[in-house]
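*Asks:* What follows is model.cif, made up of mmCIF, C-alpha atoms:
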data_upload
#
loop_
_atom_site.group_PDB
_atom_site.id
_atom_site.type_symbol
_atom_site.label_atom_id
_atom_site.label_comp_id
_atom_site.auth_asym_id
_atom_site.auth_seq_id
_atom_site.Cartn_x
_atom_site.Cartn_y
_atom_site.Cartn_z
ATOM 1 C CA MET A 1 -66.390 -54.513 87.537
ATOM 2 C CA ALA A 2 -63.624 -57.084 87.273
ATOM 3 C CA ALA A 3 -65.850 -59.789 88.760
ATOM 4 C CA THR A 4 -68.418 -59.250 86.001
ATOM 5 C CA GLY A 5 -65.849 -59.050 83.187
ATOM 6 C CA GLU A 6 -66.593 -55.406 82.558
ATOM 7 C CA SER A 7 -64.570 -52.198 82.510
ATOM 8 C CA LEU A 8 -65.230 -48.557 81.786
ATOM 9 C CA LEU A 9 -65.348 -49.558 78.105
ATOM 10 C CA GLY A 10 -68.069 -52.152 78.696
ATOM 11 C CA SER A 11 -68.096 -55.943 78.625
ATOM 12 C CA TRP A 12 -64.873 -57.571 77.466
ATOM 13 C CA ALA A 13 -66.747 -60.852 76.994
ATOM 14 C CA LYS A 14 -68.921 -59.205 74.329
ATOM 15 C CA VAL A 15 -65.908 -57.578 72.668
ATOM 16 C CA LYS A 16 -64.076 -60.923 72.496
ATOM 17 C CA GLY A 17 -67.114 -62.279 70.684
ATOM 18 C CA GLY A 18 -67.021 -59.428 68.151
ATOM 19 C CA ASP A 19 -69.894 -57.363 69.621
ATOM 20 C CA PHE A 20 -68.779 -53.725 69.826
ATOM 21 C CA ASP A 21 -72.261 -52.232 70.289
ATOM 22 C CA GLY A 22 -71.772 -51.738 74.037
ATOM 23 C CA ILE A 23 -68.538 -49.743 73.657
ATOM 24 C CA ALA A 24 -68.954 -46.016 74.095
ATOM 25 C CA VAL A 25 -67.919 -43.915 71.090
ATOM 26 C CA GLN A 26 -64.626 -42.136 71.813
ATOM 27 C CA ARG A 27 -64.881 -38.746 70.142
ATOM 28 C CA VAL A 28 -62.137 -36.178 69.650
ATOM 29 C CA MET A 29 -62.778 -33.316 72.060
ATOM 30 C CA ARG A 30 -61.091 -29.915 72.071
ATOM 31 C CA ILE A 31 -60.585 -28.070 75.352
ATOM 32 C CA ARG A 32 -59.705 -24.386 75.275
ATOM 33 C CA THR A 33 -58.300 -22.568 78.293
ATOM 34 C CA GLY A 34 -56.607 -19.280 79.026
ATOM 35 C CA GLY A 35 -59.187 -16.949 77.519
ATOM 36 C CA THR A 36 -61.136 -14.244 79.280
ATOM 37 C CA GLU A 37 -63.664 -16.831 80.437
ATOM 38 C CA SER A 38 -63.125 -18.358 83.862
ATOM 39 C CA GLU A 39 -64.135 -21.855 82.731
ATOM 40 C CA PRO A 40 -62.510 -23.835 79.925
ATOM 41 C CA THR A 41 -64.652 -24.535 76.878
ATOM 42 C CA VAL A 42 -65.133 -28.071 75.621
ATOM 43 C CA GLU A 43 -66.342 -28.887 72.131
ATOM 44 C CA GLU A 44 -66.380 -31.870 69.825
ATOM 45 C CA ALA A 45 -63.433 -31.254 67.505
ATOM 46 C CA ILE A 46 -64.628 -33.330 64.521
ATOM 47 C CA PRO A 47 -68.403 -33.848 64.948
ATOM 48 C CA SER A 48 -68.813 -36.054 61.857
ATOM 49 C CA LEU A 49 -65.928 -38.420 62.624
ATOM 50 C CA GLY A 50 -67.387 -40.859 65.130
ATOM 51 C CA HIS A 51 -65.084 -43.237 67.011
ATOM 52 C CA VAL A 52 -61.321 -42.588 66.941
ATOM 53 C CA ASP A 53 -58.437 -44.156 68.878
ATOM 54 C CA TYR A 54 -54.845 -43.141 69.673
ATOM 55 C CA VAL A 55 -55.196 -39.441 68.831
ATOM 56 C CA LYS A 56 -51.860 -37.619 68.567
ATOM 57 C CA GLY A 57 -50.391 -34.402 67.253
ATOM 58 C CA ASN A 58 -46.968 -33.274 66.094
ATOM 59 C CA PRO A 59 -44.876 -33.157 69.308
ATOM 60 C CA ASN A 60 -43.110 -30.031 68.006
ATOM 61 C CA PHE A 61 -46.436 -28.238 68.445
ATOM 62 C CA ALA A 62 -47.256 -29.561 71.934
ATOM 63 C CA GLY A 63 -48.778 -26.919 74.181
ATOM 64 C CA ARG A 64 -49.657 -24.633 71.276
ATOM 65 C CA GLN A 65 -52.736 -24.215 69.171
ATOM 66 C CA SER A 66 -52.571 -26.776 66.407
ATOM 67 C CA THR A 67 -54.677 -27.609 63.388
ATOM 68 C CA ARG A 68 -53.626 -31.186 62.591
ATOM 69 C CA ILE A 69 -53.966 -34.437 64.517
ATOM 70 C CA TRP A 70 -53.806 -38.120 63.563
ATOM 71 C CA GLY A 71 -55.765 -41.106 64.843
ATOM 72 C CA ALA A 72 -56.819 -44.683 64.151
ATOM 73 C CA ILE A 73 -60.330 -45.508 62.987
ATOM 74 C CA ALA A 74 -62.341 -48.526 61.887
ATOM 75 C CA GLY A 75 -61.741 -48.862 58.203
ATOM 76 C CA ASP A 76 -63.785 -50.316 55.418
ATOM 77 C CA PRO A 77 -63.048 -49.153 51.879
ATOM 78 C CA GLU A 78 -66.761 -48.571 51.231
ATOM 79 C CA TRP A 79 -67.245 -46.625 54.454
ATOM 80 C CA ALA A 80 -63.962 -44.693 54.143
ATOM 81 C CA VAL A 81 -65.067 -42.702 51.098
ATOM 82 C CA THR A 82 -68.251 -41.485 52.788
ATOM 83 C CA ASP A 83 -68.813 -38.823 55.407
ATOM 84 C CA GLU A 84 -70.497 -41.335 57.721
ATOM 85 C CA PRO A 85 -69.191 -41.456 61.320
ATOM 86 C CA ALA A 86 -66.594 -44.141 62.042
ATOM 87 C CA PRO A 87 -68.142 -47.135 63.825
ATOM 88 C CA VAL A 88 -66.810 -48.618 67.047
ATOM 89 C CA ALA A 89 -64.697 -51.530 65.817
ATOM 90 C CA PRO A 90 -61.044 -52.571 65.784
ATOM 91 C CA PRO A 91 -59.075 -49.865 63.948
ATOM 92 C CA GLN A 92 -57.990 -50.696 60.402
ATOM 93 C CA ALA A 93 -57.027 -47.233 59.161
ATOM 94 C CA PHE A 94 -55.043 -44.148 60.112
ATOM 95 C CA CYS A 95 -56.503 -40.731 59.463
ATOM 96 C CA ARG A 96 -55.316 -37.123 59.444
ATOM 97 C CA LEU A 97 -57.760 -34.604 60.855
ATOM 98 C CA ASP A 98 -58.004 -30.869 60.241
ATOM 99 C CA LEU A 99 -59.225 -29.100 63.367
ATOM 100 C CA SER A 100 -59.868 -25.845 61.465
ATOM 101 C CA SER A 101 -62.313 -27.344 58.964
ATOM 102 C CA LYS A 102 -63.436 -30.035 61.456
ATOM 103 C CA ARG A 103 -62.978 -32.769 58.848
ATOM 104 C CA LYS A 104 -61.032 -35.909 58.079
ATOM 105 C CA VAL A 105 -58.664 -34.859 55.267
ATOM 106 C CA ASP A 106 -56.613 -37.991 54.605
ATOM 107 C CA GLU A 107 -56.675 -41.715 55.359
ATOM 108 C CA TRP A 108 -54.785 -44.951 54.816
ATOM 109 C CA TYR A 109 -56.685 -48.243 55.034
ATOM 110 C CA ALA A 110 -54.438 -51.200 55.987
ATOM 111 C CA GLY A 111 -56.562 -53.777 54.165
ATOM 112 C CA PRO A 112 -59.029 -56.549 54.932
ATOM 113 C CA ARG A 113 -58.272 -58.469 58.137
ATOM 114 C CA LYS A 114 -55.400 -56.073 58.942
ATOM 115 C CA PHE A 115 -55.550 -54.124 62.167
ATOM 116 C CA VAL A 116 -53.549 -51.042 63.096
ATOM 117 C CA ASP A 117 -52.382 -50.313 66.613
ATOM 118 C CA ASP A 118 -50.983 -47.421 68.631
ATOM 119 C CA PHE A 119 -48.549 -45.404 66.506
ATOM 120 C CA VAL A 120 -45.675 -43.000 67.082
ATOM 121 C CA ILE A 121 -45.403 -39.593 65.420
ATOM 122 C CA ILE A 122 -41.860 -38.669 64.452
ATOM 123 C CA PRO A 123 -41.224 -35.055 63.367
ATOM 124 C CA LYS A 124 -39.136 -34.881 60.178
ATOM 125 C CA SER A 125 -37.235 -31.936 61.672
ATOM 126 C CA ARG A 126 -36.814 -30.246 65.026
ATOM 127 C CA GLU A 127 -37.948 -26.871 63.757
ATOM 128 C CA GLU A 128 -41.673 -26.106 63.889
ATOM 129 C CA GLU A 129 -41.472 -23.789 60.887
ATOM 130 C CA ASP A 130 -39.699 -26.372 58.716
ATOM 131 C CA GLY A 131 -42.640 -27.967 56.906
ATOM 132 C CA GLY A 132 -45.367 -27.196 59.437
ATOM 133 C CA GLU A 133 -47.483 -29.552 61.482
ATOM 134 C CA ASP A 134 -47.876 -32.122 58.696
ATOM 135 C CA HIS A 135 -44.102 -32.567 58.368
ATOM 136 C CA VAL A 136 -44.072 -35.905 60.271
ATOM 137 C CA TRP A 137 -43.776 -39.665 59.857
ATOM 138 C CA LEU A 138 -46.189 -42.161 61.421
ATOM 139 C CA LEU A 139 -44.545 -45.393 62.564
ATOM 140 C CA ALA A 140 -47.003 -48.129 63.455
ATOM 141 C CA PRO A 141 -47.483 -51.860 63.916
ATOM 142 C CA VAL A 142 -50.049 -53.617 61.722
ATOM 143 C CA PHE A 143 -51.391 -57.088 62.527
ATOM 144 C CA ASP A 144 -52.381 -59.298 59.586
ATOM 145 C CA ALA A 145 -55.027 -61.749 60.854
ATOM 146 C CA GLU A 146 -54.819 -63.795 57.652
ATOM 147 C CA THR A 147 -51.113 -64.662 58.029
ATOM 148 C CA LYS A 148 -50.955 -64.147 61.817
ATOM 149 C CA THR A 149 -47.916 -61.899 61.376
ATOM 150 C CA SER A 150 -47.174 -58.263 62.103
ATOM 151 C CA SER A 151 -45.286 -55.574 60.293
ATOM 152 C CA PHE A 152 -44.197 -52.042 60.991
ATOM 153 C CA VAL A 153 -45.194 -49.398 58.460
ATOM 154 C CA LEU A 154 -43.813 -45.912 57.934
ATOM 155 C CA LEU A 155 -46.300 -43.402 56.519
ATOM 156 C CA GLN A 156 -45.893 -39.765 55.512
ATOM 157 C CA GLY A 157 -48.030 -37.646 57.819
ATOM 158 C CA ASP A 158 -48.985 -35.251 55.039
ATOM 159 C CA ASN A 159 -49.976 -38.007 52.583
ATOM 160 C CA LEU A 160 -51.334 -41.089 54.363
ATOM 161 C CA SER A 161 -53.332 -42.202 51.334
ATOM 162 C CA ALA A 162 -50.082 -42.782 49.404
ATOM 163 C CA GLY A 163 -49.528 -45.803 51.654
ATOM 164 C CA PRO A 164 -46.392 -46.939 53.446
ATOM 165 C CA ILE A 165 -43.076 -45.731 52.125
ATOM 166 C CA PHE A 166 -41.500 -48.610 54.053
ATOM 167 C CA GLU A 167 -42.784 -51.832 55.586
ATOM 168 C CA ALA A 168 -40.771 -54.184 57.799
ATOM 169 C CA ARG A 169 -42.488 -57.574 57.889
ATOM 170 C CA LEU A 170 -41.942 -59.804 60.894
ATOM 171 C CA ASN A 171 -42.039 -63.610 60.837
ATOM 172 C CA SER A 172 -44.425 -63.670 63.782
ATOM 173 C CA HIS A 173 -46.954 -61.363 65.344
ATOM 174 C CA ILE A 174 -46.855 -58.694 67.998
ATOM 175 C CA PRO A 175 -49.832 -59.116 70.345
ATOM 176 C CA TRP A 176 -52.439 -56.583 69.313
ATOM 177 C CA GLY A 177 -53.679 -54.748 72.367
ATOM 178 C CA LEU A 178 -54.575 -51.643 74.244
ATOM 179 C CA HIS A 179 -51.644 -49.284 73.840
ATOM 180 C CA GLY A 180 -48.960 -51.888 74.488
ATOM 181 C CA SER A 181 -48.032 -55.201 75.996
ATOM 182 C CA TRP A 182 -45.899 -56.076 78.994
ATOM 183 C CA TYR A 183 -44.094 -59.170 80.216
ATOM 184 C CA GLY A 184 -41.884 -59.994 83.175
ATOM 185 C CA LEU A 185 -38.124 -60.033 82.754
ATOM 186 C CA SER A 186 -36.088 -63.012 83.830
ATOM 187 C CA SER A 187 -33.219 -62.324 86.215
ATOM 188 C CA GLN A 188 -30.706 -62.373 83.344
ATOM 189 C CA HIS A 189 -32.535 -59.503 81.639
ATOM 190 C CA ARG A 190 -32.903 -57.185 84.629
ATOM 191 C CA ILE A 191 -31.582 -53.680 84.178
ATOM 192 C CA LYS A 192 -29.237 -52.271 86.790
ATOM 193 C CA LEU A 193 -30.422 -48.812 87.800
ATOM 194 C CA LYS A 194 -28.087 -45.960 88.760
ATOM 195 C CA ASN A 195 -29.014 -46.170 92.433
ATOM 196 C CA GLY A 196 -28.111 -49.867 92.529
ATOM 197 C CA MET A 197 -31.697 -51.123 92.556
ATOM 198 C CA SER A 198 -32.805 -53.611 89.942
#
Spit out the file's structure as structure tokens when you get a sec.
*Replies:*
Amino acid sequence: MAATGESLLGSWAKVKGGDFDGIAVQRVMRIRTGGTESEPTVEEAIPSLGHVDYVKGNPNFAGRQSTRIWGAIAGDPEWAVTDEPAPVAPPQAFCRLDLSSKRKVDEWYAGPRKFVDDFVIIPKSREEEDGGEDHVWLLAPVFDAETKTSSFVLLQGDNLSAGPIFEARLNSHIPWGLHGSWYGLSSQHRIKLKNGMS
């Protein structure tokens, strides 16, 4: 695959050129185990949603049945107000999904030529009962292609559409990528590990 410029997601050459038609739609799937059935059941969690990236839930509810999750979707203000499935494209919006009703219930669109990336969910408290699943913050980088700068936004998990309650603008950009970026450390930046290895 590497020799042809392709991966499990398709051709990177096409993606670099702006053609996302060959990318498989990543749908939110729900897997249920532990029932009386011997095999787990798999179902599409939000059939009408379409493509979604970076799906996460409140970490206080990890391992338990939950009703709320958040993700990143392609965003266009005209598309966002419809019930049409999200297209495969760079994500420009965050959404909150209700697994009980199988619907998108909230969304924040970053704006034209602004692209959202992998986010972190921060519970507002350590207690599950204190505010429920929606009682979280979303902290995320946003790349502005117009100014070639990035910012970090802080959104309320229970009210994404209200927009950021805080935005830290950077003077440069953070490389937009697949779940993170890495670089080698020079010898002066190496971390000394407990066992003496570096």
*Asks:* What is the CA of Gly50 in chain A-CA of Ala140 in chain A distance in Å, reported with one decimal?
*Replies:* 21.7 Å
*Asks:* Would you please work out which residue, of A:Pro164, A:Gly63, A:Pro91, A:Pro175, is nearest to Val116 in chain A when using only C-alpha atoms?
*Replies:* A:Pro91
*Asks:* Can you tell me how far CA of Thr147 in chain A sits from CA of Gly75 in chain A, in Å to one decimal?
*Replies:*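 Calculated distance between CA of Thr147 in chain A and CA of Gly75 in chain A is 19.0 Å.
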*Asks:* Using CA of Trp137 in chain A and CA of Ser161 in chain A as the two end points, give the distance in Å to one decimal.
*Replies:*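 Interatomic distance, CA of Trp137 in chain A to CA of Ser161 in chain A: 13.1 Å.
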*Asks:* Please identify all polymer residues lying at most 8 Å from the point (-55.8, -41.8, 52.9) (file coordinates), using all atoms listed in the file, and present the result as JSON, numbers by chain.
*Replies:* {"A": [94, 95, 105, 106, 107, 108, 109, 159, 160, 161, 162, 163]}
*Asks:* Here is a test: counting all atoms listed in the file, which residue of A:Arg126, A:Arg169, A:Lys114, A:Arg27 is nearest to Leu49 in chain A?
*Replies:* A:Arg27
